[in-house]
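One structure is given below, encoded as structure tokens.
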Amino acid sequence: MVGQTDNPPAISRGRTSAEAGNAGREKEMRYLENKTYREDMEAIMDHTRGFARLREKKILILGATGLIGSALTDCLRYANAVHGMDTRVYAASRHIEQLEQRFGEPDGKYLHFMETDVTRLKSSEPFDYIIHGAGYGHPGAFMEKPVEVLLSNVAGLHKVLETAGGNGQCRVLYLSSGEAGQEVDHLRTRACYPMGKKTAETLCLCYHKEYGTDVVIARPCHTFGPWVKMGDNRATAQFLAAAAAGRDIEMYSAGSQVRSFSYVADCVSGLLSALLLGESANVYGIAGGEACTVRKFAGYCAAAGGCRVTMHLPDAREKAQTSPIKDQIVENGALKGLGWSPCYTIEAGIARSVRMMREERGG
């Protein structure tokens, strides 16, 4: 697709500061006015196989204010504004204020908000697609809220599959994790995340077999991008935040673990390709095919931000949050079999992220 990336799309910006009466909303997140980000939206549409199938569909996105969920929501909003897709997007989050801050106010036609915890999801809307990306994905939550982490995947997915029904008219995309393909010790609190994902994947297959539910499983690799949220203590988020601020990047491990990394725009195009063309009950690894050590990723961030990487000894809490998985490579053969290919390298995605974060902060 050839878009109008030099001109911001006519997208509702939500409340003005006077209308909101809230200083926290005076600076609404107008990311789609960023030229680099609009280029990402075009790249997502160009690299998504079968994107035209989303025209005039009704889509529920759970976890819409997260890194991946917000980019998914933004892409569909952009496609509506610039390409006239007429797709109705239902963005869901635990807190309506987060939706308003991230996307402005809903327009009542193509953008709707739902305030709900996925474990209490209840809706009679006849959705064409449900994308379940809700949950806790950062290590701090694995230590502080292990019950919620586990239930958001298992009990939450149960609610999603019940909402979709078994008539095959609504397709579900479940965002699992690359950790689901790894062997883990289930007798550790840290296992709440990978074991929750593993169990949820099995639940998908059971619903498909017993009730005919149309569900596709996606395993995103370590995904990074701009617009880091406060409280996100994942290493990639912290590295990018430091680089964008021009601060030294502080590492509390040797960073020798090898990970598959993917820029968020590539992750979204991969997810949408799996949603639209993937085979029901199949698993699709969402990864660009590149991998590097955590230390090398930090080095890329430092180069983009013009700062240094400094090494520190971890304390007990930092050690407890460290993933026990040494190397985590997510295979993307099934996804490439759909005709999908990535657009950005790890290094290019980092450079774009740092640039956008600095532009959002006024340089």
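Chain labels A, B, ... are given in the sequence in which chains occur in the structure tokens; within each chain residues are numbered consecutively from 1, and ligands are likewise numbered from 1 in the order shown.
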
So that each row is one residue of segment 135-244 of chain A with an atom at most 6 Å from segment 342-358 of chain A, can you give its shortest atom pair and the distance in Å to one decimal, using only C-alpha atoms, rows by chain and rising number, as JSON lines?
{"residue": "A:Gly225", "atom": "CA", "partner": "A:Ser353", "partner_atom": "CA", "distance": 5.4}
{"residue": "A:Pro226", "atom": "CA", "partner": "A:Ser353", "partner_atom": "CA", "distance": 4.5}
{"residue": "A:Ala244", "atom": "CA", "partner": "A:Val354", "partner_atom": "CA", "distance": 5.0}

Prev. selection, N, CA and C atoms, output as a PDB file, in the first residue's frame:
ATOM      1  N   GLY A 225       9.931  -1.953  21.049  1.00  0.00           N
ATOM      2  CA  GLY A 225       9.467  -0.828  20.249  1.00  0.00           C
ATOM      3  C   GLY A 225       9.409   0.436  21.084  1.00  0.00           C
ATOM      4  N   PRO A 226       8.950   1.527  20.506  1.00  0.00           N
ATOM      5  CA  PRO A 226       8.889   2.800  21.228  1.00  0.00           C
ATOM      6  C   PRO A 226       7.728   2.831  22.217  1.00  0.00           C
ATOM      7  N   ALA A 244      17.003   6.518  24.816  1.00  0.00           N
ATOM      8  CA  ALA A 244      16.247   7.686  24.356  1.00  0.00           C
ATOM      9  C   ALA A 244      16.521   8.903  25.221  1.00  0.00           C
TER      10      ALA A 244
END

Could you find all residues in segment 9-219 of chain A that DSSP calls helix (DSSP H, G or I) from the backbone, and write them as a PyMOL selection string?
-> chain A and resi 17-20+23-25+31-33+35-47+51-54+67-83+96-103+118-120+139-144+146-164+178-181+189-211

Please, which residues in segment 230-329 of chain A fall within 7 Å of segment 32-47 of chain A when counting only C-alpha atoms, and what is the closest atom pair and distance in Å to one decimal for each, ordered by chain then residue number, as a tab-separated table?
residue	atom	partner	partner_atom	distance
A:Ala265	CA	A:Ile44	CA	5.9
A:Asp266	CA	A:Ile44	CA	6.7
A:Val268	CA	A:Ile44	CA	6.7
A:Ser269	CA	A:Ile44	CA	4.8

If you keep C-alpha atoms, can you produce a file of those selected residues as a PDB file, in the first residue's frame?
ATOM      1  CA  ALA A 265       5.947  -3.433  13.571  1.00  0.00           C
ATOM      2  CA  ASP A 266       7.209  -6.809  12.338  1.00  0.00           C
ATOM      3  CA  VAL A 268       2.181  -6.966  14.388  1.00  0.00           C
ATOM      4  CA  SER A 269       2.377  -7.854  10.689  1.00  0.00           C
TER       5      SER A 269
END

Give me, please, the distance in Å between atom CA of Ala218 of chain A and atom CA of Ser124 of chain A, quoted to one decimal.
-> 25.1 Å

Find the spatial neighbours of segment 194-201 of chain A, counting only C-alpha atoms, within a cut-off of 8 Å - ignore same-chain residues fewer than 3 positions away - and output them as a VMD selection string.
-> chain A and resid 149 to 151 153 to 154 157 176 to 177 179 to 181 184 186 191 204 to 205 217

What does the file look like for those residues with N, CA and C atoms, as a tab-separated table (two decimals), in the first residue's frame?
chain	number	residue	atom	x	y	z
A	149	VAL	N	-0.76	-13.37	37.02
A	149	VAL	CA	-0.05	-13.72	35.78
A	149	VAL	C	-0.58	-15.04	35.23
A	150	LEU	N	-0.69	-16.02	36.10
A	150	LEU	CA	-1.16	-17.34	35.68
A	150	LEU	C	-2.63	-17.30	35.24
A	151	LEU	N	-3.48	-16.64	36.02
A	151	LEU	CA	-4.90	-16.63	35.71
A	151	LEU	C	-5.24	-15.82	34.47
A	153	ASN	N	-3.72	-15.80	31.83
A	153	ASN	CA	-3.51	-16.68	30.68
A	153	ASN	C	-4.52	-17.81	30.63
A	154	VAL	N	-4.76	-18.48	31.75
A	154	VAL	CA	-5.62	-19.66	31.74
A	154	VAL	C	-7.10	-19.28	31.90
A	157	LEU	N	-8.12	-16.79	29.11
A	157	LEU	CA	-8.34	-17.43	27.81
A	157	LEU	C	-9.65	-18.22	27.80
A	176	SER	N	0.62	-16.26	22.83
A	176	SER	CA	1.35	-17.04	23.81
A	176	SER	C	2.74	-16.42	23.99
A	177	SER	N	3.76	-17.21	24.02
A	177	SER	CA	5.13	-16.70	24.21
A	177	SER	C	6.13	-17.72	23.74
A	179	GLU	N	8.49	-18.57	25.39
A	179	GLU	CA	8.82	-19.36	26.57
A	179	GLU	C	7.99	-20.63	26.65
A	180	ALA	N	6.84	-20.66	25.95
A	180	ALA	CA	5.98	-21.84	26.00
A	180	ALA	C	6.65	-23.04	25.34
A	181	GLY	N	7.62	-22.80	24.49
A	181	GLY	CA	8.32	-23.89	23.82
A	181	GLY	C	9.56	-24.37	24.55
A	184	VAL	N	10.78	-25.88	31.48
A	184	VAL	CA	10.92	-25.06	32.70
A	184	VAL	C	10.58	-25.90	33.92
A	186	HIS	N	8.43	-26.29	36.84
A	186	HIS	CA	7.13	-25.74	37.24
A	186	HIS	C	7.03	-25.48	38.73
A	191	ALA	N	7.80	-19.70	37.20
A	191	ALA	CA	7.17	-20.53	36.18
A	191	ALA	C	5.72	-20.13	35.92
A	204	CYS	N	-6.47	-24.08	24.17
A	204	CYS	CA	-6.87	-23.73	22.80
A	204	CYS	C	-7.15	-24.98	21.98
A	205	LEU	N	-6.24	-25.95	22.06
A	205	LEU	CA	-6.40	-27.18	21.29
A	205	LEU	C	-7.61	-27.98	21.75
A	217	ILE	N	-2.74	-20.08	17.52
A	217	ILE	CA	-1.78	-19.76	18.58
A	217	ILE	C	-0.57	-19.07	17.98

Would you work out the distance separating atom CA of Lys122 of chain A from atom CA of Gly137 of chain A, expressed in Å to one decimal?
-> 23.0 Å

Taking a cut-off of 8 Å and counting only C-alpha atoms, can you build a table that, for each residue of segment 181-252 of chain A near segment 295-306 of chain A, reports the nearest atom pair and how far apart they are in Å (one decimal), sorted by chain then residue number, as a tab-separated table?
residue	atom	partner	partner_atom	distance
A:Thr236	CA	A:Ala298	CA	7.7
A:Phe239	CA	A:Ala298	CA	6.2
A:Leu240	CA	A:Cys301	CA	6.1
A:Ala242	CA	A:Gly305	CA	7.9
A:Ala243	CA	A:Gly305	CA	4.3
A:Ala244	CA	A:Gly305	CA	5.7
A:Ala245	CA	A:Gly305	CA	7.6
A:Gly246	CA	A:Gly305	CA	5.6
A:Asp248	CA	A:Ala302	CA	7.5
A:Ile249	CA	A:Ala302	CA	6.9

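In terms of minimum interatomic distance to Arg77 of chain A, A:Tyr110 ranks closest within A:His138, A:Tyr110, A:Gln101, A:Leu62, counting only C-alpha atoms.
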
For Lys209 of chain A, the nearest of the candidates A:Ser280, A:Lys57, A:Val330, A:Ser262, counting only C-alpha atoms =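 Ranking A:Ser280, A:Lys57, A:Val330, A:Ser262 by distance to Lys209 of chain A, first place goes to A:Ser280.
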
Apply DSSP to the backbone of this structure and, from segment 45-275 of chain A, keep only the residues in strand (DSSP E); write these as a VMD selection string.
-> chain A and resid 58 to 62 88 to 93 111 to 115 129 to 132 171 to 175 214 to 220 222 to 224 249 to 251 258 to 263

Would you list the contacts of segment 68-70 of chain A as a ChimeraX atom specification, taking every protein, DNA or RNA residue within 12 Å and counting only C-alpha atoms, but skipping same-chain residues closer than 3 positions in sequence?
-> /A:29,31-32,41,60-65,73-78,89-93,98-103,130-135,137,175,220-229,262-272,286

Please, what distance in Å, to one decimal, runs between atom CA of Trp340 of chain A and atom CA of Thr48 of chain A?
->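 One can read the atom CA of Trp340 of chain A to atom CA of Thr48 of chain A distance as 6.8 Å.
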
Which of these, A:Val258, A:Gly333, A:Gly231, A:Gly178, has the shortest distance to Gly66 of chain A once you count only C-alpha atoms?
->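 Using only C-alpha atoms, the shortest distance to Gly66 of chain A belongs to A:Gly231.
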
Hey, which of A:Met143, A:Val118, A:Leu276, A:Ile59 ends up closest to Ala155 of chain A? Count only C-alpha atoms.
->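 Going through A:Met143, A:Val118, A:Leu276, A:Ile59 one by one, the smallest distance to Ala155 of chain A is for A:Val118.
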
Residues at most 10 Å from Lys336 of chain A, counting only C-alpha atoms, excluding those fewer than 5 positions away in the same chain, as a ChimeraX atom specification?
-> /A:270,273-274,284-289,331,341-342
